[in-house]
>>> print(open('my_file35.cif').read())   # mmCIF, C-alpha atoms
data_upload
#
loop_
_atom_site.label_atom_id
_atom_site.label_comp_id
_atom_site.auth_asym_id
_atom_site.auth_seq_id
_atom_site.Cartn_x
_atom_site.Cartn_y
_atom_site.Cartn_z
CA MET A 24 17.35 46.20 153.96
CA ASP A 25 18.46 47.37 157.35
CA SER A 26 18.47 50.81 158.84
CA LYS A 27 19.44 52.46 162.09
CA LYS A 28 16.48 53.54 164.21
CA HIS A 29 16.46 56.74 166.18
CA ASP A 30 14.56 57.32 169.38
CA GLU A 31 15.50 60.94 170.01
CA LYS A 32 12.82 63.59 169.59
CA ILE A 33 13.43 65.85 166.63
CA ARG A 34 12.30 69.47 166.62
CA TYR A 35 11.09 69.69 163.05
CA ALA A 36 10.76 73.48 163.24
CA ASP A 37 14.55 73.66 163.66
CA LEU A 38 15.36 71.66 160.54
CA GLU A 39 16.87 73.93 157.91
CA ILE A 40 16.49 73.69 154.15
CA GLY A 41 19.41 71.73 152.72
CA THR A 42 19.78 69.48 155.75
CA ILE A 43 20.62 65.90 154.85
CA VAL A 44 17.93 64.17 156.86
CA SER A 45 18.96 60.66 155.91
CA LYS A 46 21.87 58.93 154.23
CA GLN A 47 21.80 55.15 154.24
CA SER A 48 23.34 52.32 152.28
CA TYR A 49 21.35 49.19 151.63
CA LEU A 50 21.85 45.87 149.96
CA LEU A 51 18.86 45.25 147.73
CA ASP A 52 18.83 41.54 148.43
CA ARG A 53 16.44 39.02 146.94
CA GLU A 54 14.65 38.36 150.24
CA SER A 55 13.81 42.06 150.68
CA VAL A 56 12.58 42.36 147.10
CA GLN A 57 10.45 39.23 147.49
CA LYS A 58 8.93 40.67 150.68
CA TYR A 59 8.10 43.86 148.82
CA ILE A 60 6.57 42.00 145.86
CA LEU A 61 4.48 39.87 148.23
CA ALA A 62 3.23 42.96 150.09
CA VAL A 63 2.07 44.80 146.96
CA GLU A 64 1.12 41.62 145.04
CA ASP A 65 3.08 42.86 142.04
CA SER A 66 1.99 40.76 139.06
CA THR A 67 4.94 41.96 136.97
CA ASN A 68 7.12 39.81 139.23
CA SER A 69 6.94 36.78 136.97
CA THR A 70 7.46 38.77 133.81
CA VAL A 71 10.19 41.13 134.91
CA ALA A 72 11.70 40.61 138.35
CA GLU A 73 12.15 36.85 138.33
CA SER A 74 13.22 36.35 134.76
CA SER A 75 15.53 39.32 134.46
CA ASN A 76 16.52 39.75 138.11
CA ILE A 77 15.30 43.35 138.01
CA ALA A 78 13.80 44.94 141.13
CA PRO A 79 10.40 46.65 140.83
CA PRO A 80 11.13 50.39 140.64
CA MET A 81 8.75 51.18 143.48
CA SER A 82 10.75 48.86 145.74
CA ILE A 83 13.65 51.31 145.27
CA ALA A 84 11.35 54.17 146.21
CA ALA A 85 10.19 52.27 149.31
CA LEU A 86 13.82 51.70 150.25
CA SER A 87 14.69 55.38 149.93
CA LEU A 88 11.68 56.35 152.06
CA ARG A 89 12.67 53.82 154.70
CA GLY A 90 15.65 55.95 155.67
CA VAL A 91 13.52 59.09 155.82
CA VAL A 92 10.93 57.45 158.08
CA ASN A 93 13.58 56.07 160.42
CA ASP A 94 16.08 58.92 160.51
CA LEU A 95 13.50 61.70 160.68
CA ASN A 96 11.77 59.68 163.41
CA ILE A 97 8.47 60.48 161.73
CA PRO A 98 5.76 60.71 164.41
CA GLY A 99 2.47 58.79 164.31
CA GLY A 100 -0.20 60.84 162.58
CA THR A 101 2.14 62.03 159.83
CA LEU A 102 0.55 61.82 156.39
CA HIS A 103 2.25 61.31 153.06
CA ILE A 104 0.42 63.68 150.73
CA GLY A 105 2.48 63.81 147.54
CA GLN A 106 5.19 61.95 145.70
CA GLU A 107 7.28 62.49 142.61
CA LEU A 108 9.60 59.79 141.29
CA SER A 109 11.93 59.46 138.32
CA PHE A 110 13.35 56.04 137.58
CA LEU A 111 16.62 56.49 135.73
CA LYS A 112 18.07 53.02 135.39
CA THR A 113 17.01 49.42 135.89
CA VAL A 114 18.30 48.02 139.17
CA PRO A 115 19.23 44.37 139.49
CA VAL A 116 18.58 42.46 142.68
CA GLY A 117 21.79 42.22 144.73
CA MET A 118 22.86 45.82 144.07
CA TYR A 119 24.17 48.04 146.88
CA LEU A 120 22.31 51.33 146.88
CA GLU A 121 23.05 54.62 148.58
CA CYS A 122 19.97 56.63 149.47
CA GLU A 123 20.11 60.29 150.41
CA ALA A 124 17.29 62.56 151.50
CA VAL A 125 17.63 66.34 151.71
CA LEU A 126 15.06 68.71 153.19
CA SER A 127 13.93 71.13 150.47
CA SER A 128 10.96 72.82 152.14
CA ASN A 129 9.71 73.18 155.72
CA SER A 130 6.71 75.37 156.43
CA VAL A 131 3.60 75.65 158.59
CA ARG A 132 0.10 76.22 157.27
CA GLY A 133 -2.68 76.22 159.83
CA ASP A 134 -2.31 73.30 162.20
CA PHE A 135 0.08 71.39 159.98
CA ARG A 136 3.78 71.40 159.16
CA PHE A 137 4.54 70.59 155.52
CA MET A 138 7.93 69.15 154.74
CA VAL A 139 9.33 68.32 151.31
CA VAL A 140 12.23 65.92 151.09
CA ASP A 141 14.29 65.41 147.92
CA LEU A 142 15.32 61.79 147.44
CA SER A 143 18.21 60.42 145.42
CA VAL A 144 19.44 56.87 145.06
CA GLU A 145 22.78 55.88 143.56
CA ASP A 146 24.02 52.44 142.59
CA ASP A 147 27.45 51.00 143.34
CA VAL A 148 29.03 52.84 140.40
CA LYS A 149 27.67 56.16 141.75
CA GLU A 150 25.09 56.56 139.00
CA HIS A 151 21.65 57.82 139.90
CA VAL A 152 19.00 55.12 139.60
CA MET A 153 16.16 57.15 141.08
CA LYS A 154 15.32 60.70 142.11
CA GLY A 155 12.19 61.86 143.84
CA LYS A 156 10.39 64.32 146.03
CA SER A 157 8.18 63.40 148.99
CA THR A 158 5.73 65.76 150.63
CA ILE A 159 4.60 64.94 154.15
CA MET A 160 2.24 66.67 156.53
CA LEU A 161 2.66 66.56 160.31
CA PRO A 162 0.30 67.96 162.94
CA VAL A 163 2.08 70.97 164.45
CA ASP A 164 1.20 69.95 168.01
CA ILE A 165 3.25 66.76 167.72
CA SER A 166 5.95 68.02 165.40
CA ASP A 167 7.16 71.20 167.16
CA MET B 13 -0.58 52.89 120.80
CA LYS B 14 -2.26 56.28 120.40
CA GLU B 15 -3.45 59.25 122.41
CA GLY B 16 -6.66 58.39 124.25
CA ASP B 17 -5.74 54.73 124.73
CA SER B 18 -6.07 53.30 128.23
CA ILE B 19 -3.17 51.77 130.10
CA THR B 20 -3.52 48.33 131.67
CA GLU B 21 -5.93 48.41 134.60
CA VAL B 22 -4.77 46.86 137.89
CA VAL B 23 -7.27 45.88 140.59
CA LYS B 24 -6.24 45.08 144.18
CA GLU B 25 -8.00 44.24 147.39
CA ILE B 26 -6.45 45.97 150.38
CA THR B 27 -6.19 43.75 153.46
CA SER B 28 -4.83 44.32 156.96
CA GLU B 29 -2.41 41.45 156.36
CA GLN B 30 -1.00 43.20 153.30
CA VAL B 31 -0.67 46.48 155.15
CA LEU B 32 1.36 44.69 157.81
CA LEU B 33 3.47 42.98 155.14
CA TYR B 34 4.11 46.36 153.53
CA ALA B 35 5.08 47.84 156.92
CA LYS B 36 7.63 45.06 157.32
CA ALA B 37 8.91 45.36 153.76
CA SER B 38 9.20 49.16 153.85
CA GLY B 39 10.10 49.67 157.51
CA ASP B 40 7.21 52.14 157.87
CA PHE B 41 5.41 51.20 161.08
CA ASN B 42 3.54 54.49 161.46
CA PRO B 43 0.75 53.54 163.92
CA ILE B 44 -1.86 55.03 161.60
CA HIS B 45 -1.23 51.92 159.47
CA VAL B 46 -0.61 49.17 162.00
CA ASP B 47 -2.03 50.17 165.42
CA ALA B 48 -5.82 49.82 165.56
CA LYS B 49 -6.17 51.72 168.84
CA PHE B 50 -4.06 54.66 167.64
CA ALA B 51 -5.95 54.76 164.34
CA GLU B 52 -9.32 54.79 166.14
CA GLY B 53 -8.34 58.11 167.68
CA SER B 54 -7.19 59.59 164.36
CA GLN B 55 -9.23 61.62 161.90
CA PHE B 56 -9.77 58.44 159.87
CA GLY B 57 -11.14 56.35 162.75
CA ARG B 58 -9.37 53.19 161.61
CA ASN B 59 -6.14 51.96 160.05
CA ILE B 60 -5.28 53.18 156.59
CA ALA B 61 -3.02 51.62 153.97
CA HIS B 62 0.38 53.13 153.19
CA GLY B 63 0.03 55.56 150.30
CA MET B 64 3.07 54.07 148.59
CA MET B 65 1.59 50.59 148.84
CA VAL B 66 -1.48 51.78 146.93
CA ALA B 67 0.71 53.80 144.53
CA ALA B 68 2.57 50.61 143.66
CA SER B 69 -0.49 49.63 141.60
CA ILE B 70 0.17 52.63 139.32
CA SER B 71 3.75 51.50 138.79
CA GLU B 72 2.50 47.97 138.11
CA SER B 73 0.02 49.32 135.57
CA MET B 74 2.76 51.32 133.81
CA SER B 75 5.10 48.33 133.89
CA LEU B 76 2.46 46.02 132.42
CA THR B 77 1.74 48.56 129.67
CA PHE B 78 5.25 49.72 128.79
CA GLY B 79 7.50 46.90 130.03
CA ALA B 80 11.13 47.47 130.92
CA SER B 81 11.03 51.07 129.60
CA TRP B 82 9.10 51.97 132.76
CA HIS B 83 11.97 50.68 134.92
CA ALA B 84 14.60 52.71 133.08
CA SER B 85 12.80 55.95 132.27
CA GLY B 86 9.50 56.12 134.16
CA LYS B 87 8.36 59.27 135.91
CA VAL B 88 5.34 59.72 138.13
CA LYS B 89 3.92 62.67 140.01
CA ILE B 90 1.02 61.86 142.29
CA ARG B 91 -1.10 63.34 145.02
CA PHE B 92 -2.54 61.18 147.78
CA ARG B 93 -6.06 62.58 147.92
CA SER B 94 -7.75 60.29 150.41
CA PRO B 95 -6.83 57.08 152.19
CA ALA B 96 -7.45 53.48 151.24
CA TYR B 97 -8.69 51.27 154.04
CA PRO B 98 -8.34 47.54 154.60
CA GLY B 99 -11.36 45.99 152.89
CA ASP B 100 -11.26 48.44 149.99
CA THR B 101 -10.90 47.32 146.41
CA VAL B 102 -8.74 49.77 144.49
CA THR B 103 -8.29 50.17 140.76
CA ALA B 104 -5.29 51.78 139.11
CA SER B 105 -5.97 53.10 135.64
CA GLY B 106 -4.85 55.77 133.24
CA GLN B 107 -4.95 57.17 129.78
CA ILE B 108 -2.33 58.18 127.23
CA LYS B 109 -2.59 61.95 126.90
CA LYS B 110 0.35 62.84 124.69
CA ILE B 111 2.84 61.03 122.46
CA LEU B 112 5.92 63.14 121.77
CA PRO B 113 8.77 62.24 119.41
CA LEU B 114 12.22 62.77 120.93
CA ASP B 115 15.74 62.34 119.54
CA GLU B 116 16.23 59.28 121.74
CA GLY B 117 12.78 57.73 121.21
CA THR B 118 9.18 58.55 122.02
CA GLU B 119 7.88 60.05 125.22
CA ILE B 120 4.44 58.90 126.29
CA ARG B 121 2.64 61.03 128.85
CA CYS B 122 -0.33 59.65 130.77
CA SER B 123 -2.87 60.63 133.36
CA VAL B 124 -3.04 58.09 136.17
CA SER B 125 -5.33 57.49 139.12
CA VAL B 126 -6.34 55.00 141.74
CA THR B 127 -10.00 54.84 142.72
CA ASN B 128 -11.81 52.85 145.40
CA GLN B 129 -14.89 50.67 145.01
CA ALA B 130 -17.11 53.76 145.33
CA GLY B 131 -15.30 55.40 142.43
CA GLU B 132 -13.65 57.98 144.68
CA ALA B 133 -10.17 59.11 143.66
CA ILE B 134 -7.58 58.00 146.21
CA ILE B 135 -4.55 58.98 144.14
CA SER B 136 -4.33 61.10 141.03
CA GLY B 137 -1.49 62.39 138.93
CA THR B 138 0.59 62.04 135.83
CA SER B 139 3.23 59.64 134.59
CA SER B 140 5.52 59.39 131.60
CA VAL B 141 7.87 56.94 129.99
CA ILE B 142 10.35 57.04 127.12
CA ILE B 143 10.17 54.21 124.61
CA THR B 144 13.34 53.64 122.62
CA GLY B 145 14.09 51.48 119.62
#
>>> encode(input="my_file35.cif", output="structure tokens")
Amino acid sequence: MDSKKHDEKIRYADLEIGTIVSKQSYLLDRESVQKYILAVEDSTNSTVAESSNIAPPMSIAALSLRGVVNDLNIPGGTLHIGQELSFLKTVPVGMYLECEAVLSSNSVRGDFRFMVVDLSVEDDVKEHVMKGKSTIMLPVDISD
Amino acid sequence: MKEGDSITEVVKEITSEQVLLYAKASGDFNPIHVDAKFAEGSQFGRNIAHGMMVAASISESMSLTFGASWHASGKVKIRFRSPAYPGDTVTASGQIKKILPLDEGTEIRCSVSVTNQAGEAIISGTSSVIITG
């Protein structure tokens, strides 16, 4: 799992609906999956991931969010307030995945900017393995 | 399996070490999670765990209950209601609310939540899975 990091400041108010905010390809290698399993102490590891070489579905979600965090240069103080995920296909370890994130909502309520990002992940035969929707909340004073 | 049944409960202790491991695994180094000084000045007053790290316990619970079907057809819709802090013990649980026959199998819809040691809801939402065969 490797992703380009951005240091430039983004004016979130200028981001239009439909903007592709992140598009990254990743190799879902065993080391990355093991790191994920260790971090969340996933007890299904021995029953599913190791024996069948299948990655935990939430590790795919974490991967897709990685691009959003890096490419949107999410500022400190941002809160993740909602998440929808649909897992569409089992994903074996070693698969190349293409993750895309598209801005679907961008609004201000009070002192906070609310952004909704639609996530999609395709495998190496261009089939969707996961779709999702992340809602994040950024303080307006640091996001605009 | 019938409506009203509970799904497998998953209990986790949140530690600072795990939060750091999750930051490394996910690439999310938001200082609210990993920088004690930054977090002190936040509305929470201390570091909080990544929401998706805590939400992983819901996925684990669904996977333990429904096996590989969860990986191929699982859906979850959750709201992060309040943070989990290092030192918290969190419990993911849920209940089967509806069992619906479909052409391709059976859809099982559940309510899911994660609570802390005080019983406060940290995450709440719904999940579903399609069982075939």
>>> atom_distance(input="my_file35.cif", atom1="CA of Gln57 in chain A", atom2="CA of Glu29 in chain B")
15.8 Å
>>> residues_around(input="my_file35.cif", residues="Glu150 in chain A", least_positions_apart="4", cutoff="12 Å", atoms="all atoms listed in the file", output="list in words")
Phe110, Leu111, Lys112, Thr113, Val114, Tyr119, Leu120, Glu121, Cys122, Ser143, Val144, Glu145, Asp146 and Lys154 of chain A
>>> interface_residues(input="my_file35.cif", of="chain A", to="chain B", cutoff="6 Å", atoms="all atoms listed in the file", output="PDB file with C-alpha atoms, in the frame of the given file")
ATOM      1  CA  LYS A  58       8.930  40.670 150.680  1.00  0.00           C
ATOM      2  CA  TYR A  59       8.100  43.860 148.820  1.00  0.00           C
ATOM      3  CA  ALA A  62       3.230  42.960 150.090  1.00  0.00           C
ATOM      4  CA  PRO A  80      11.130  50.390 140.640  1.00  0.00           C
ATOM      5  CA  ALA A  85      10.190  52.270 149.310  1.00  0.00           C
ATOM      6  CA  ARG A  89      12.670  53.820 154.700  1.00  0.00           C
ATOM      7  CA  GLY A  99       2.470  58.790 164.310  1.00  0.00           C
ATOM      8  CA  ILE A 104       0.420  63.680 150.730  1.00  0.00           C
ATOM      9  CA  GLY A 105       2.480  63.810 147.540  1.00  0.00           C
ATOM     10  CA  GLN A 106       5.190  61.950 145.700  1.00  0.00           C
ATOM     11  CA  GLU A 107       7.280  62.490 142.610  1.00  0.00           C
ATOM     12  CA  LEU A 108       9.600  59.790 141.290  1.00  0.00           C
ATOM     13  CA  SER A 109      11.930  59.460 138.320  1.00  0.00           C
ATOM     14  CA  PHE A 110      13.350  56.040 137.580  1.00  0.00           C
ATOM     15  CA  LEU A 111      16.620  56.490 135.730  1.00  0.00           C
ATOM     16  CA  LYS A 112      18.070  53.020 135.390  1.00  0.00           C
ATOM     17  CA  THR A 113      17.010  49.420 135.890  1.00  0.00           C
TER      18      THR A 113
END
>>> atom_distance(input="my_file35.cif", atom1="CA of Asp100 in chain B", atom2="CA of His103 in chain A")
18.9 Å
>>> atom_distance(input="my_file35.cif", atom1="CA of Val102 in chain B", atom2="CA of Asn128 in chain B")
4.4 Å
>>> resolve_selection(input="my_file35.cif", expression="the PyMOL selection byres ((chain A and resi 134) around 12)", output="MDAnalysis selection string")
chainID A and resid 130:133 135:137 160:167
>>> residues_around(input="my_file35.cif", residues="Ile111 in chain B", least_positions_apart="4", cutoff="8 Å", atoms="only C-alpha atoms", output="ChimeraX atom specification")
/B:14-15,118-121
>>> resolve_selection(input="my_file35.cif", expression="the PyMOL selection byres ((chain A and resi 91) around 12)", output="JSON, numbers by chain")
{"A": [26, 27, 28, 29, 43, 44, 45, 46, 47, 84, 85, 86, 87, 88, 89, 90, 92, 93, 94, 95, 96, 97, 98, 103, 122, 123, 124, 125, 126, 138, 139, 140, 141, 142, 143, 156, 157, 158, 159], "B": [38, 39, 40]}
>>> resolve_selection(input="my_file35.cif", expression="the PyMOL selection byres ((chain B and resi 126) around 6)", output="list in words")
Thr103, Ala104, Ser125, Thr127, Ala133, Ile134 and Ile135 of chain B
>>> write_last_selection(input="my_file35.cif", atoms="C-alpha atoms", output="mmCIF file, keeping the file's coordinate frame")
data_model
loop_
_atom_site.group_PDB
_atom_site.id
_atom_site.type_symbol
_atom_site.label_atom_id
_atom_site.label_comp_id
_atom_site.auth_asym_id
_atom_site.auth_seq_id
_atom_site.Cartn_x
_atom_site.Cartn_y
_atom_site.Cartn_z
ATOM 1 C CA THR B 103 -8.290 50.170 140.760
ATOM 2 C CA ALA B 104 -5.290 51.780 139.110
ATOM 3 C CA SER B 125 -5.330 57.490 139.120
ATOM 4 C CA THR B 127 -10.000 54.840 142.720
ATOM 5 C CA ALA B 133 -10.170 59.110 143.660
ATOM 6 C CA ILE B 134 -7.580 58.000 146.210
ATOM 7 C CA ILE B 135 -4.550 58.980 144.140
#
>>> closest_residue(input="my_file35.cif", among="B:Met74, B:Ile142, B:Val46, B:Ala96", to="Ala61 in chain B", atoms="only C-alpha atoms")
B:Ala96
>>> closest_residue(input="my_file35.cif", among="A:Ser128, A:Ser66, A:Ser55, A:Thr101", to="Ile83 in chain A", atoms="all atoms listed in the file")
A:Ser55
>>> axis_aligned_box(input="my_file35.cif", around="range 16-27 of chain B", padding_each_side="8 Å", output="lines of an AutoDock Vina configuration file")
center_x = -5.6
center_y = 51.1
center_z = 138.9
size_x = 20.8
size_y = 30.6
size_z = 45.2
>>> decode(input="my_file35.cif", residues="range 97-128 of chain A", atoms="N, CA and C atoms", output="JSON list (two decimals), in the first residue's frame")
[["chain", "number", "residue", "atom", "x", "y", "z"],
["A", 97, "ILE", "N", -6.42, 15.97, 4.02],
["A", 97, "ILE", "CA", -7.38, 16.21, 5.11],
["A", 97, "ILE", "C", -6.68, 16.86, 6.30],
["A", 98, "PRO", "N", -7.18, 18.03, 6.74],
["A", 98, "PRO", "CA", -6.50, 18.71, 7.85],
["A", 98, "PRO", "C", -6.79, 18.08, 9.21],
["A", 99, "GLY", "N", -5.87, 18.28, 10.15],
["A", 99, "GLY", "CA", -6.08, 17.81, 11.52],
["A", 99, "GLY", "C", -7.36, 18.43, 12.06],
["A", 100, "GLY", "N", -8.11, 17.66, 12.83],
["A", 100, "GLY", "CA", -9.37, 18.18, 13.36],
["A", 100, "GLY", "C", -10.56, 17.74, 12.54],
["A", 101, "THR", "N", -10.29, 17.13, 11.37],
["A", 101, "THR", "CA", -11.38, 16.59, 10.56],
["A", 101, "THR", "C", -11.95, 15.35, 11.25],
["A", 102, "LEU", "N", -13.27, 15.24, 11.24],
["A", 102, "LEU", "CA", -13.91, 14.07, 11.87],
["A", 102, "LEU", "C", -14.68, 13.26, 10.83],
["A", 103, "HIS", "N", -14.56, 11.95, 10.96],
["A", 103, "HIS", "CA", -15.28, 11.01, 10.11],
["A", 103, "HIS", "C", -16.60, 10.74, 10.83],
["A", 104, "ILE", "N", -17.72, 11.13, 10.24],
["A", 104, "ILE", "CA", -18.97, 11.03, 11.00],
["A", 104, "ILE", "C", -19.93, 9.97, 10.47],
["A", 105, "GLY", "N", -19.71, 9.50, 9.25],
["A", 105, "GLY", "CA", -20.61, 8.46, 8.74],
["A", 105, "GLY", "C", -19.94, 7.63, 7.66],
["A", 106, "GLN", "N", -20.38, 6.40, 7.53],
["A", 106, "GLN", "CA", -19.78, 5.53, 6.53],
["A", 106, "GLN", "C", -20.79, 4.50, 6.04],
["A", 107, "GLU", "N", -20.86, 4.37, 4.73],
["A", 107, "GLU", "CA", -21.63, 3.29, 4.12],
["A", 107, "GLU", "C", -20.67, 2.45, 3.29],
["A", 108, "LEU", "N", -20.83, 1.14, 3.33],
["A", 108, "LEU", "CA", -19.97, 0.25, 2.56],
["A", 108, "LEU", "C", -20.78, -0.91, 2.01],
["A", 109, "SER", "N", -20.49, -1.27, 0.77],
["A", 109, "SER", "CA", -21.06, -2.49, 0.18],
["A", 109, "SER", "C", -19.90, -3.33, -0.33],
["A", 110, "PHE", "N", -19.79, -4.53, 0.20],
["A", 110, "PHE", "CA", -18.75, -5.44, -0.27],
["A", 110, "PHE", "C", -19.36, -6.34, -1.34],
["A", 111, "LEU", "N", -18.77, -6.33, -2.52],
["A", 111, "LEU", "CA", -19.41, -6.96, -3.67],
["A", 111, "LEU", "C", -18.75, -8.25, -4.12],
["A", 112, "LYS", "N", -17.56, -8.50, -3.62],
["A", 112, "LYS", "CA", -16.80, -9.64, -4.12],
["A", 112, "LYS", "C", -15.67, -9.92, -3.12],
["A", 113, "THR", "N", -15.35, -11.18, -2.90],
["A", 113, "THR", "CA", -14.20, -11.47, -2.04],
["A", 113, "THR", "C", -12.93, -11.04, -2.78],
["A", 114, "VAL", "N", -11.95, -10.57, -2.01],
["A", 114, "VAL", "CA", -10.72, -10.06, -2.61],
["A", 114, "VAL", "C", -9.52, -10.85, -2.06],
["A", 115, "PRO", "N", -8.84, -11.57, -2.93],
["A", 115, "PRO", "CA", -7.67, -12.31, -2.45],
["A", 115, "PRO", "C", -6.48, -11.40, -2.22],
["A", 116, "VAL", "N", -5.66, -11.77, -1.26],
["A", 116, "VAL", "CA", -4.40, -11.06, -1.03],
["A", 116, "VAL", "C", -3.56, -11.18, -2.30],
["A", 117, "GLY", "N", -2.89, -10.08, -2.66],
["A", 117, "GLY", "CA", -2.05, -10.08, -3.87],
["A", 117, "GLY", "C", -2.73, -9.42, -5.05],
["A", 118, "MET", "N", -3.98, -9.00, -4.88],
["A", 118, "MET", "CA", -4.75, -8.38, -5.96],
["A", 118, "MET", "C", -4.35, -6.90, -6.11],
["A", 119, "TYR", "N", -4.26, -6.45, -7.35],
["A", 119, "TYR", "CA", -4.13, -5.00, -7.61],
["A", 119, "TYR", "C", -5.52, -4.39, -7.58],
["A", 120, "LEU", "N", -5.66, -3.29, -6.88],
["A", 120, "LEU", "CA", -6.96, -2.64, -6.75],
["A", 120, "LEU", "C", -6.86, -1.18, -7.20],
["A", 121, "GLU", "N", -7.91, -0.73, -7.88],
["A", 121, "GLU", "CA", -7.97, 0.68, -8.26],
["A", 121, "GLU", "C", -9.09, 1.34, -7.45],
["A", 122, "CYS", "N", -8.69, 2.35, -6.69],
["A", 122, "CYS", "CA", -9.63, 3.04, -5.80],
["A", 122, "CYS", "C", -9.91, 4.44, -6.33],
["A", 123, "GLU", "N", -11.19, 4.76, -6.44],
["A", 123, "GLU", "CA", -11.57, 6.10, -6.89],
["A", 123, "GLU", "C", -12.52, 6.72, -5.89],
["A", 124, "ALA", "N", -12.34, 8.01, -5.67],
["A", 124, "ALA", "CA", -13.21, 8.74, -4.74],
["A", 124, "ALA", "C", -13.72, 10.00, -5.43],
["A", 125, "VAL", "N", -15.03, 10.18, -5.43],
["A", 125, "VAL", "CA", -15.67, 11.30, -6.12],
["A", 125, "VAL", "C", -16.49, 12.11, -5.11],
["A", 126, "LEU", "N", -16.31, 13.41, -5.14],
["A", 126, "LEU", "CA", -17.06, 14.28, -4.21],
["A", 126, "LEU", "C", -18.53, 14.30, -4.61],
["A", 127, "SER", "N", -19.42, 13.95, -3.69],
["A", 127, "SER", "CA", -20.84, 13.95, -4.04],
["A", 127, "SER", "C", -21.65, 14.98, -3.26],
["A", 128, "SER", "N", -21.05, 15.60, -2.26],
["A", 128, "SER", "CA", -21.74, 16.67, -1.53],
["A", 128, "SER", "C", -20.68, 17.52, -0.83]]
